[in-house]
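Listing of my_file_15.tsv; format and content: TSV, C-alpha atoms and all ligand atoms.
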chain	number	residue	atom	x	y	z
A	1	MET	CA	157.24	237.76	69.89
A	2	ASN	CA	160.30	239.41	71.37
A	3	ILE	CA	160.79	237.52	74.63
A	4	LEU	CA	162.19	240.63	76.30
A	5	LYS	CA	158.71	242.19	75.92
A	6	ALA	CA	156.98	239.35	77.85
A	7	GLY	CA	155.45	240.61	81.11
A	8	PHE	CA	157.23	238.06	83.29
A	9	ILE	CA	160.64	238.97	81.83
A	10	LYS	CA	159.99	242.66	82.53
A	11	ASP	CA	159.02	241.79	86.13
A	12	PHE	CA	162.07	239.53	86.42
A	13	ILE	CA	164.38	242.34	85.32
A	14	LYS	CA	162.69	244.88	87.61
A	15	ILE	CA	163.18	242.68	90.70
A	16	ALA	CA	166.82	242.12	89.75
A	17	ASP	CA	167.32	245.89	89.53
A	18	ASP	CA	165.41	246.57	92.73
A	19	GLY	CA	167.39	243.94	94.64
A	20	TYR	CA	170.69	245.27	93.32
A	21	LYS	CA	169.77	248.82	94.40
A	22	MET	CA	168.96	247.50	97.90
A	23	GLY	CA	172.60	246.33	98.14
A	24	TRP	CA	171.69	242.63	98.35
A	25	HIS	CA	173.60	241.45	95.26
A	26	GLU	CA	177.34	242.01	95.44
A	27	CYS	CA	179.15	240.52	92.43
A	28	ASN	CA	177.21	237.42	91.38
A	29	GLY	CA	175.43	237.07	94.73
A	30	GLY	CA	171.82	235.92	94.66
A	31	ASN	CA	169.59	234.20	92.14
A	32	LEU	CA	166.02	234.30	90.89
A	33	SER	CA	163.64	231.91	89.14
A	34	TYR	CA	160.09	231.90	87.78
A	35	ARG	CA	158.03	228.82	86.79
A	36	LEU	CA	156.22	229.82	83.59
A	37	ARG	CA	152.41	229.70	83.29
A	38	GLU	CA	150.64	227.99	80.39
A	39	GLU	CA	149.76	231.40	78.98
A	40	ASP	CA	153.42	232.53	79.08
A	41	ILE	CA	154.43	229.45	77.11
A	42	GLU	CA	151.56	229.90	74.63
A	43	LEU	CA	152.62	233.49	74.03
A	44	LEU	CA	156.23	232.48	73.40
A	45	ARG	CA	155.50	229.29	71.46
A	46	PHE	CA	157.19	230.52	68.26
A	47	SER	CA	160.01	232.37	70.00
A	48	LEU	CA	161.47	229.53	72.07
A	49	GLU	CA	163.83	227.05	70.51
A	50	ALA	CA	165.57	224.12	72.17
A	51	SER	CA	169.33	224.47	72.05
A	52	GLY	CA	171.99	222.10	73.28
A	53	PRO	CA	171.79	218.77	75.07
A	54	PHE	CA	169.94	217.76	78.23
A	55	ILE	CA	172.09	218.38	81.28
A	56	ASN	CA	171.73	216.40	84.50
A	57	ILE	CA	170.35	218.28	87.48
A	58	GLY	CA	171.94	215.92	90.04
A	59	THR	CA	168.57	215.27	91.69
A	60	ARG	CA	165.05	214.36	90.56
A	61	VAL	CA	162.07	216.73	90.40
A	62	PRO	CA	159.36	214.67	88.65
A	63	ASP	CA	156.67	217.18	89.66
A	64	LEU	CA	158.32	219.67	87.34
A	65	ALA	CA	158.46	217.35	84.30
A	66	GLY	CA	157.92	219.43	81.15
A	67	ASP	CA	157.87	222.75	83.04
A	68	TYR	CA	159.69	225.82	81.74
A	69	LEU	CA	161.54	228.11	84.14
A	70	ALA	CA	163.19	231.49	83.71
A	71	ILE	CA	166.32	231.54	85.86
A	72	THR	CA	169.46	233.60	86.45
A	73	GLY	CA	172.80	232.30	85.20
A	74	ALA	CA	175.68	230.98	87.28
A	75	GLY	CA	178.07	233.87	87.78
A	76	SER	CA	175.56	236.46	86.52
A	77	PHE	CA	175.72	239.83	88.23
A	78	PHE	CA	172.26	241.18	89.17
A	79	ARG	CA	173.44	244.65	88.22
A	80	ASN	CA	173.93	243.45	84.65
A	81	ILE	CA	170.57	241.74	84.17
A	82	SER	CA	168.72	244.84	82.96
A	83	LEU	CA	171.69	245.82	80.79
A	84	SER	CA	171.90	242.44	79.09
A	85	ALA	CA	169.02	240.11	80.00
A	86	TYR	CA	169.71	237.72	77.10
A	87	ASP	CA	173.17	236.97	78.51
A	88	ASN	CA	172.18	236.69	82.15
A	89	ILE	CA	168.74	235.00	82.21
A	90	GLY	CA	167.81	231.67	80.65
A	91	ILE	CA	164.58	229.81	79.98
A	92	ILE	CA	165.07	226.10	80.62
A	93	GLN	CA	162.74	223.13	80.34
A	94	ILE	CA	162.79	220.08	82.64
A	95	ASN	CA	162.72	216.68	80.87
A	96	ASP	CA	159.98	214.06	81.32
A	97	ARG	CA	161.92	212.13	83.95
A	98	GLY	CA	162.56	215.28	85.95
A	99	ASP	CA	166.30	214.68	86.19
A	100	ALA	CA	167.72	216.96	83.46
A	101	TYR	CA	167.10	220.32	81.81
A	102	ARG	CA	167.64	221.88	78.40
A	103	LEU	CA	168.12	225.54	77.45
A	104	TRP	CA	165.43	227.16	75.25
A	105	TRP	CA	166.39	230.82	75.37
A	106	GLY	CA	169.03	233.18	76.80
A	107	LEU	CA	172.19	232.50	78.82
A	108	ALA	CA	173.94	233.62	75.67
A	109	SER	CA	177.06	234.25	77.72
A	110	GLY	CA	177.45	230.44	77.75
A	111	ARG	CA	176.85	230.12	81.48
A	112	GLY	CA	174.59	227.44	82.87
A	113	PRO	CA	171.80	228.20	85.33
A	114	THR	CA	172.58	229.43	88.86
A	115	SER	CA	174.74	227.36	91.21
A	116	GLU	CA	171.65	227.11	93.46
A	117	LEU	CA	169.68	225.33	90.72
A	118	ALA	CA	169.00	222.31	92.96
A	119	SER	CA	167.46	224.50	95.67
A	120	HIS	CA	165.31	226.38	93.15
A	121	LEU	CA	164.00	223.22	91.50
A	122	MET	CA	163.37	221.31	94.73
A	123	ILE	CA	161.50	224.27	96.24
A	124	HIS	CA	159.46	224.81	93.06
A	125	SER	CA	158.59	221.14	93.26
A	126	VAL	CA	157.36	221.48	96.88
A	127	LYS	CA	155.33	224.59	96.10
A	128	LYS	CA	153.81	223.11	92.96
A	129	ARG	CA	152.78	219.96	94.86
A	130	ALA	CA	151.08	222.17	97.46
A	131	ASN	CA	149.23	224.18	94.81
A	132	LYS	CA	149.79	223.72	91.10
A	133	ASP	CA	148.72	227.27	90.28
A	134	GLY	CA	150.29	228.80	93.37
A	135	GLN	CA	153.80	230.03	94.09
A	136	ARG	CA	156.03	230.53	91.08
A	137	VAL	CA	158.79	232.96	92.05
A	138	LEU	CA	161.88	232.12	94.13
A	139	TYR	CA	164.21	234.92	95.10
A	140	HIS	CA	167.54	234.43	96.88
A	141	CYS	CA	169.44	237.49	98.15
A	142	HIS	CA	172.20	238.46	100.58
A	143	PRO	CA	170.61	241.12	102.83
A	144	VAL	CA	173.08	242.76	105.20
A	145	ASN	CA	171.14	243.06	108.45
A	146	LEU	CA	169.60	239.60	108.39
A	147	ILE	CA	173.01	238.03	107.75
A	148	ALA	CA	174.50	240.11	110.61
A	149	LEU	CA	171.81	238.86	113.00
A	150	SER	CA	172.71	235.26	112.19
A	151	PHE	CA	176.02	235.88	113.97
A	152	VAL	CA	174.46	236.97	117.28
A	153	LEU	CA	170.99	235.45	117.66
A	154	PRO	CA	170.57	231.75	118.51
A	155	LEU	CA	170.10	229.88	115.22
A	156	SER	CA	166.52	228.83	115.78
A	157	ASN	CA	163.51	229.63	113.66
A	158	LYS	CA	161.54	230.33	116.87
A	159	VAL	CA	163.95	233.07	117.91
A	160	PHE	CA	164.22	234.66	114.45
A	161	THR	CA	160.49	234.54	113.74
A	162	ARG	CA	159.46	236.00	117.09
A	163	GLU	CA	162.17	238.68	117.13
A	164	LEU	CA	161.28	239.85	113.62
A	165	TRP	CA	157.50	239.65	114.20
A	166	GLU	CA	157.93	242.03	117.13
A	167	MET	CA	159.68	244.69	115.04
A	168	MET	CA	156.57	245.87	113.18
A	169	PRO	CA	152.99	244.58	112.63
A	170	GLU	CA	153.68	244.16	108.93
A	171	CYS	CA	155.85	241.12	109.75
A	172	PRO	CA	153.15	238.81	111.18
A	173	LEU	CA	150.86	240.05	108.40
A	174	VAL	CA	153.37	239.20	105.66
A	175	PHE	CA	154.79	235.96	107.11
A	176	PRO	CA	152.14	234.60	109.53
A	177	GLU	CA	153.44	231.02	109.21
A	178	GLY	CA	156.87	232.19	110.49
A	179	LEU	CA	160.31	231.65	108.98
A	180	GLY	CA	162.50	228.60	108.52
A	181	LEU	CA	166.23	228.61	109.24
A	182	VAL	CA	169.14	226.42	108.24
A	183	GLU	CA	172.57	226.64	109.83
A	184	TRP	CA	175.54	227.33	107.54
A	185	MET	CA	175.62	224.80	104.74
A	186	LEU	CA	177.68	224.57	101.59
A	187	PRO	CA	176.23	227.00	98.99
A	188	GLY	CA	174.93	225.20	95.92
A	189	SER	CA	174.90	221.82	97.66
A	190	LEU	CA	172.19	219.18	97.49
A	191	ASP	CA	172.17	219.12	101.30
A	192	LEU	CA	171.25	222.80	101.38
A	193	ALA	CA	168.59	222.22	98.72
A	194	LEU	CA	167.09	219.31	100.65
A	195	ALA	CA	167.03	221.10	104.03
A	196	THR	CA	165.55	224.25	102.47
A	197	SER	CA	162.91	222.48	100.41
A	198	GLN	CA	161.76	220.55	103.51
A	199	LEU	CA	161.29	223.83	105.40
A	200	MET	CA	159.47	225.32	102.40
A	201	GLU	CA	156.71	222.72	102.99
A	202	LYS	CA	155.72	225.00	105.86
A	203	TYR	CA	157.32	228.40	105.31
A	204	ASN	CA	157.72	230.89	102.45
A	205	GLY	CA	160.95	232.41	103.75
A	206	VAL	CA	164.04	230.44	104.79
A	207	ILE	CA	167.10	232.08	106.33
A	208	TRP	CA	170.46	230.63	105.30
A	209	ALA	CA	172.61	231.47	108.35
A	210	HIS	CA	175.76	233.51	107.54
A	211	HIS	CA	174.68	233.55	103.89
A	212	GLY	CA	171.28	235.05	103.04
A	213	LEU	CA	167.62	234.46	102.52
A	214	ILE	CA	165.39	232.63	100.03
A	215	CYS	CA	161.77	233.64	99.56
A	216	SER	CA	158.88	232.06	97.69
A	217	GLY	CA	155.82	233.89	96.43
A	218	GLU	CA	152.96	233.63	93.98
A	219	ASP	CA	154.43	236.47	91.94
A	220	PHE	CA	157.47	238.76	91.80
A	221	ASP	CA	155.93	241.33	94.16
A	222	ALA	CA	155.13	238.70	96.80
A	223	SER	CA	158.64	237.19	96.77
A	224	PHE	CA	160.46	240.51	96.76
A	225	GLY	CA	158.02	242.02	99.27
A	226	LEU	CA	158.64	239.16	101.69
A	227	ALA	CA	162.43	239.60	101.45
A	228	HIS	CA	162.04	243.37	101.84
A	229	THR	CA	159.83	243.03	104.93
A	230	ILE	CA	162.16	240.51	106.61
A	231	GLU	CA	165.25	242.62	105.92
A	232	LYS	CA	163.60	245.84	107.11
A	233	ALA	CA	162.62	244.14	110.39
A	234	ALA	CA	166.20	242.82	110.69
A	235	GLN	CA	167.49	246.37	110.18
A	236	ILE	CA	165.27	247.67	113.00
A	237	LEU	CA	166.48	244.87	115.27
A	238	VAL	CA	170.12	245.59	114.48
A	239	LYS	CA	169.53	249.25	115.40
A	240	VAL	CA	167.77	248.28	118.65
A	241	LEU	CA	170.57	245.92	119.65
A	242	SER	CA	173.20	248.50	118.67
A	243	MET	CA	171.68	251.08	121.03
A	244	GLY	CA	173.11	248.94	123.79
A	245	GLN	CA	170.26	248.80	126.30
A	246	GLY	CA	168.40	245.84	124.86
A	247	LYS	CA	164.64	246.04	124.43
A	248	VAL	CA	163.09	248.16	127.17
A	249	GLN	CA	159.59	247.24	125.94
A	250	ARG	CA	158.15	245.04	123.23
A	251	PRO	CA	154.85	243.60	121.99
A	252	ARG	CA	153.85	240.51	124.00
A	253	ALA	CA	152.30	237.23	122.88
A	254	ARG	CA	148.85	238.58	123.81
A	255	ASP	CA	149.38	241.57	121.45
A	256	LEU	CA	150.34	239.25	118.59
A	257	LYS	CA	147.31	237.06	119.36
A	258	ALA	CA	145.06	240.15	119.15
A	259	LEU	CA	146.60	240.98	115.77
A	260	SER	CA	146.09	237.40	114.66
A	261	ASP	CA	142.41	237.36	115.77
A	262	THR	CA	141.59	240.73	114.22
A	263	TYR	CA	143.24	240.05	110.87
A	264	LYS	CA	142.52	236.26	110.80
A	265	LEU	CA	146.23	235.52	110.36
A	266	LYS	CA	146.57	231.95	111.65
A	267	LEU	CA	149.92	232.85	113.25
A	268	GLY	CA	152.16	229.84	113.95
A	269	GLN	CA	151.23	228.91	117.56
A	270	GLU	CA	154.76	227.78	118.37
A	271	PHE	CA	155.92	231.41	118.10
A	272	LEU	CA	153.26	232.78	120.45
A	273	ILE	CA	154.88	231.97	123.78
A	274	ASP	CA	156.60	234.66	125.85
A	275	ASN	CA	159.89	233.35	127.17
A	276	ASP	CA	160.56	236.21	129.61
B	301	LIG	O1	174.57	232.82	93.01
B	301	LIG	O2	174.28	233.58	95.91
B	301	LIG	O3	174.26	231.18	96.96
B	301	LIG	C1	175.49	233.04	94.01
B	301	LIG	C2	174.89	232.75	95.31
B	301	LIG	C3	175.04	231.38	95.84
B	302	ZN	ZN	173.83	233.12	97.96

Would you encode the structure as structure tokens?
Ligand code: 2HA
Ligand code: ZN
Amino acid sequence: MNILKAGFIKDFIKIADDGYKMGWHECNGGNLSYRLREEDIELLRFSLEASGPFINIGTRVPDLAGDYLAITGAGSFFRNISLSAYDNIGIIQINDRGDAYRLWWGLASGRGPTSELASHLMIHSVKKRANKDGQRVLYHCHPVNLIALSFVLPLSNKVFTRELWEMMPECPLVFPEGLGLVEWMLPGSLDLALATSQLMEKYNGVIWAHHGLICSGEDFDASFGLAHTIEKAAQILVKVLSMGQGKVQRPRARDLKALSDTYKLKLGQEFLIDND
């Protein structure tokens, strides 16, 4: 089977294109990964071939032992993924000890997987522990308005969650558990991976202050849709703040509670307190 015809590769390429057209992937900004299902692997059984040695990850992810992941390459431009997927996406497999990976397909350009590999693997590990069949797609992007807000709003997940929830009802519907936030940390570092994966125990979206956003979802639509919703809310908030008079009116905690009760959202209680 031609791997480029596999459904998950087509979805992978589509999200890369969509994200690029949104303006969230300058140069090699952003990265994307998908943990393959049994049926994906079965379908590709005769098309995948191990190539090259095992390479250390620099951390351990025993929960992912034996798993295959499709992942963007270090230095890959999102705008080039649909033009040349074989150069810019790889399929890797994690070894039995969970401390190294080996390439099975792609990354023909000779690049290794994304510089944020540690974050991707540690978050996949958290999500797989929570639900083996659950979330499989991690999407990291650099959305303009959300990054801009991280320069003016207090860097607290309470502030970001509540401000964005208030922008449109879609927000509490799409991220009822709220959002996590980490202050600026070195891109690609194990510290960033550890802080983010801890927050992903609770949240599906984590803001990397002055850098971007990483979203987890059960499929490509869920991950991209979450990023899209967060960034659209951030865009509304930037417009509101730019109008110079602050918020003249806004939904209150009681309005969000009514939304939560009606749609059975289980909104994070810590974000349901009015501070003014
Ligand atoms: O892949 O976005 O965070 C480049 C990045 C690093
Ligand atoms: Zn980044």

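Non-sequential neighbours of stretch 240-248 of chain A (distance at most 12 Å, separation of 6 or more positions within a chain, only C-alpha atoms) are Asn145, Ala148, Leu149, Val152, Leu153, Glu163, Leu164, Glu166, Met167, Ala233, Ala234 and Asp276 of chain A.
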
> Could you tell me, as a VMD selection string, which residues have any atom at most 6 Å from (168.6, 229.9, 72.5), counting all atoms listed in the file?
Replying inline: chain A and resid 49 51 104 to 106

Residues around (157.0, 213.5, 83.4), cut-off 9 Å, counting only C-alpha atoms - what are they as a compact mmCIF listing (two decimals) with C-alpha atoms, in the coordinates of the input?
# COMPACT_ATOMS: atom_id res chain seq x y z
CA PRO A 62 159.36 214.67 88.65
CA ASP A 63 156.67 217.18 89.66
CA LEU A 64 158.32 219.67 87.34
CA ALA A 65 158.46 217.35 84.30
CA GLY A 66 157.92 219.43 81.15
CA ILE A 94 162.79 220.08 82.64
CA ASN A 95 162.72 216.68 80.87
CA ASP A 96 159.98 214.06 81.32
CA ARG A 97 161.92 212.13 83.95
CA GLY A 98 162.56 215.28 85.95

> What residues have any atom no more than 8 Å from ligand LIG 301 (chain B) when counting only C-alpha atoms and all ligand atoms, and can you list them as an MDAnalysis selection string?
Replying inline: chainID A and resid 25 28:31 74:76 114:116 140:142 187:188 211:212

Those selected residues, please, written with C-alpha atoms and delivered as a compact mmCIF listing (two decimals), in the frame of the given file.
# COMPACT_ATOMS: atom_id res chain seq x y z
CA HIS A 25 173.60 241.45 95.26
CA ASN A 28 177.21 237.42 91.38
CA GLY A 29 175.43 237.07 94.73
CA GLY A 30 171.82 235.92 94.66
CA ASN A 31 169.59 234.20 92.14
CA ALA A 74 175.68 230.98 87.28
CA GLY A 75 178.07 233.87 87.78
CA SER A 76 175.56 236.46 86.52
CA THR A 114 172.58 229.43 88.86
CA SER A 115 174.74 227.36 91.21
CA GLU A 116 171.65 227.11 93.46
CA HIS A 140 167.54 234.43 96.88
CA CYS A 141 169.44 237.49 98.15
CA HIS A 142 172.20 238.46 100.58
CA PRO A 187 176.23 227.00 98.99
CA GLY A 188 174.93 225.20 95.92
CA HIS A 211 174.68 233.55 103.89
CA GLY A 212 171.28 235.05 103.04

> Which one of A:Leu226, A:Leu190, A:Ile3, A:Ile91 sits closest to A:Pro176 if you count only C-alpha atoms?
Replying inline: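 Using only C-alpha atoms, the shortest distance to A:Pro176 belongs to A:Leu226.
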
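In terms of minimum interatomic distance to A:Gly178, A:Asn157 ranks closest within A:Thr229, A:Asn157, A:Ser125, A:Asn131, counting all atoms listed in the file.
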
>> So, with all atoms listed in the file as the atoms that count, which of A:Leu272, A:Leu32, A:Met168, A:Ala6 lies closest to ligand ZN 302 (chain B)?
In response: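 For ligand ZN 302 (chain B), the nearest of the given residues is A:Leu32.
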
>> From the options A:Pro143, A:Gly205, A:Pro172, A:Gly268, which residue's atoms come nearest to ligand ZN 302 (chain B), counting only C-alpha atoms and all ligand atoms?
In response: A:Pro143

> Looking at A:Val144, A:Ile81, A:Ile273, A:Ile207, which one is nearest to A:Gln235, with distances taken over only C-alpha atoms?
Replying inline: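 Going through A:Val144, A:Ile81, A:Ile273, A:Ile207 one by one, the smallest distance to A:Gln235 is for A:Val144.
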
>> For a test of reading the model, state the distance in Å between atom CA of A:Asp11 and atom CA of A:Leu36, rounded to one decimal.
In response: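 Distance between the two atoms: 12.6 Å.
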
>> Using all atoms listed in the file, can you tell me which of A:Ser119, A:Thr72, A:Thr161, A:Thr262 comes closest to A:Ser84?
In response: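 Distance minimum relative to A:Ser84 lands on A:Thr72.
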